[in-house]
Amino acid sequence: MPDVSDFSDDIDTVSRIEAVPSILNMVKQATGMRFAAIARVTESRWVACAVDDDIEFGLEPGGELPVETTLCHEIRQHLTPVVFTHASEHPVYSRHHTPLTYQLESYVSLPIITAKGDFFGTLCAIDAVPAHFDEAVVLETLKLYAQLIAMNLDLQNELQLSNKALADANEIAHFRDQFVAVLGHDLRSPLTAVRLSADLLASRMTNERDLLLTQAIQQSSVRMGTLIENVLDFARGKLGGGITVEPRRVENLMSQLRGVIDEVCSAHPQASIVETPSISGDDECSSVECDPVRVCQLLSNLLENAITHGLKGAPVELQILVARGELAISVINQGSPIPPELIPMLFQPFSRSQGKQRGEGLGLGLYIASEICAGHGGTLEVISTALSGTRFTAIIPCGGTAQPGN
């Protein structure tokens, strides 16, 4: 087999797209075929990047076919989809070398084209038996999936470029300007398209299994959105000397915080958030001075951190209290205590990779939470023991002591 090392980056990039397994499964569901794949296709190579195989075709990620034997070679040249449901009865494909070589009866393949117009490869499905589906409807559905893959490829590539730039201290000034521009425009726009597309798919789904798969894509896009916003805040904070906080008198803060709790629960249906009685709506909680958007972001980051790093299956405890002119938010999760030597690193950017902690993301959530507290003139502290779990407590003055513009 030819060396695929020069395609390893493409294979790794596709493997990091969380929605790919769901997309391939949904392609199989939409077509009735039992094999689906994402392939990297060049003028001389056809390499599988992701595979969902129920017919034992024999391909795995990194597997390769002679490009001249595939229809993807033609798709690369003409950038048009190919579909047939019964090759042996088709006026063209009954004599075509590809279905004859691989003994295929049904086939569909669409080009994956990046935002820059570059041809990456194909999203395809095959089977050795005839398929039964509306070709026009399936092509429209798979076209949307191909666009989702392309936008995620763009997102992954931009993040990789940003991470490489971040590692180069000599290029840090150039990186900051470019990072904000890339994330503010190039990443937000395709992510919005991913979210809208997933919402559209969800509105059309009637099968419960398909709906669950679509919801997985929606949840992945929410997590990507959080990551992008966190990185944007990091870049802005470094450029401007801190994260901007704009305090004002807020009459419905508790209602907004409850909205955050609902959003986090929706994004993590397997998690359990237990609110202690102290989250009651006392008169003192009804009107506070703070930046409500930033406080909601603070709460979201603390809850996401607790769910990600806490003991799976154990509830996350939440306590919110306003008293004596201060807002206190405590989030407690169970699990292994944080080693004492890592605690000083927790509120530093990218500390997760430095401490080799488990979880997803870049390790910016706690850094941003601490910056939000600092911008309000408050503090964020942590206590972690094997007996009581890990407790993060944010204390924010909410009676006029916040620092606008920080």
# chains A, B, ... in the order shown; residues from 1 in each chain; ligands from 1
call {"tool": "residues_around", "arguments": {"residues": "Ile55 (chain A)", "least_positions_apart": "6", "cutoff": "8 Å", "atoms": "only C-alpha atoms", "output": "PyMOL selection string"}}
result
chain A and resi 34-35+127
call {"tool": "write_last_selection", "arguments": {"atoms": "all heavy atoms", "output": "compact mmCIF listing (two decimals), in the first residue's frame"}}
result
# COMPACT_ATOMS: atom_id res chain seq x y z
N ARG A 34 -25.08 0.75 3.36
CA ARG A 34 -24.43 0.26 4.57
C ARG A 34 -22.97 0.66 4.69
O ARG A 34 -22.28 0.21 5.60
CB ARG A 34 -24.56 -1.27 4.63
CG ARG A 34 -26.01 -1.76 4.76
CD ARG A 34 -26.10 -3.25 4.58
NE ARG A 34 -25.77 -3.65 3.20
CZ ARG A 34 -25.55 -4.91 2.82
NH1 ARG A 34 -25.60 -5.88 3.72
NH2 ARG A 34 -25.26 -5.17 1.55
N PHE A 35 -22.50 1.50 3.80
CA PHE A 35 -21.12 1.98 3.88
C PHE A 35 -21.12 3.47 3.55
O PHE A 35 -21.69 3.89 2.55
CB PHE A 35 -20.23 1.24 2.88
CG PHE A 35 -18.81 1.72 2.85
CD1 PHE A 35 -17.81 1.05 3.54
CD2 PHE A 35 -18.45 2.85 2.11
CE1 PHE A 35 -16.49 1.48 3.50
CE2 PHE A 35 -17.14 3.29 2.07
CZ PHE A 35 -16.16 2.60 2.77
N ASP A 127 -23.14 0.44 -1.68
CA ASP A 127 -23.67 -0.85 -1.24
C ASP A 127 -23.65 -1.80 -2.43
O ASP A 127 -23.69 -1.37 -3.60
CB ASP A 127 -25.08 -0.72 -0.69
CG ASP A 127 -25.37 -1.80 0.36
OD1 ASP A 127 -24.97 -2.97 0.14
OD2 ASP A 127 -25.97 -1.47 1.39
call {"tool": "closest_residue", "arguments": {"among": "A:Glu208, A:Asp134, A:Glu74, A:Glu251", "to": "Ser109 (chain A)", "atoms": "only C-alpha atoms"}}
result
A:Glu74
call {"tool": "select_by_dssp", "arguments": {"residues": "region 14-162 of chain A", "states": "helix (DSSP H, G or I)", "output": "PyMOL selection string"}}
result
chain A and resi 14-15+20-31+67-69+72-78+87-89+97-102+135-162
call {"tool": "closest_residue", "arguments": {"among": "A:Val67, A:Leu298, A:Cys398, A:Leu303", "to": "Asp262 (chain A)", "atoms": "only C-alpha atoms"}}
result
A:Leu303
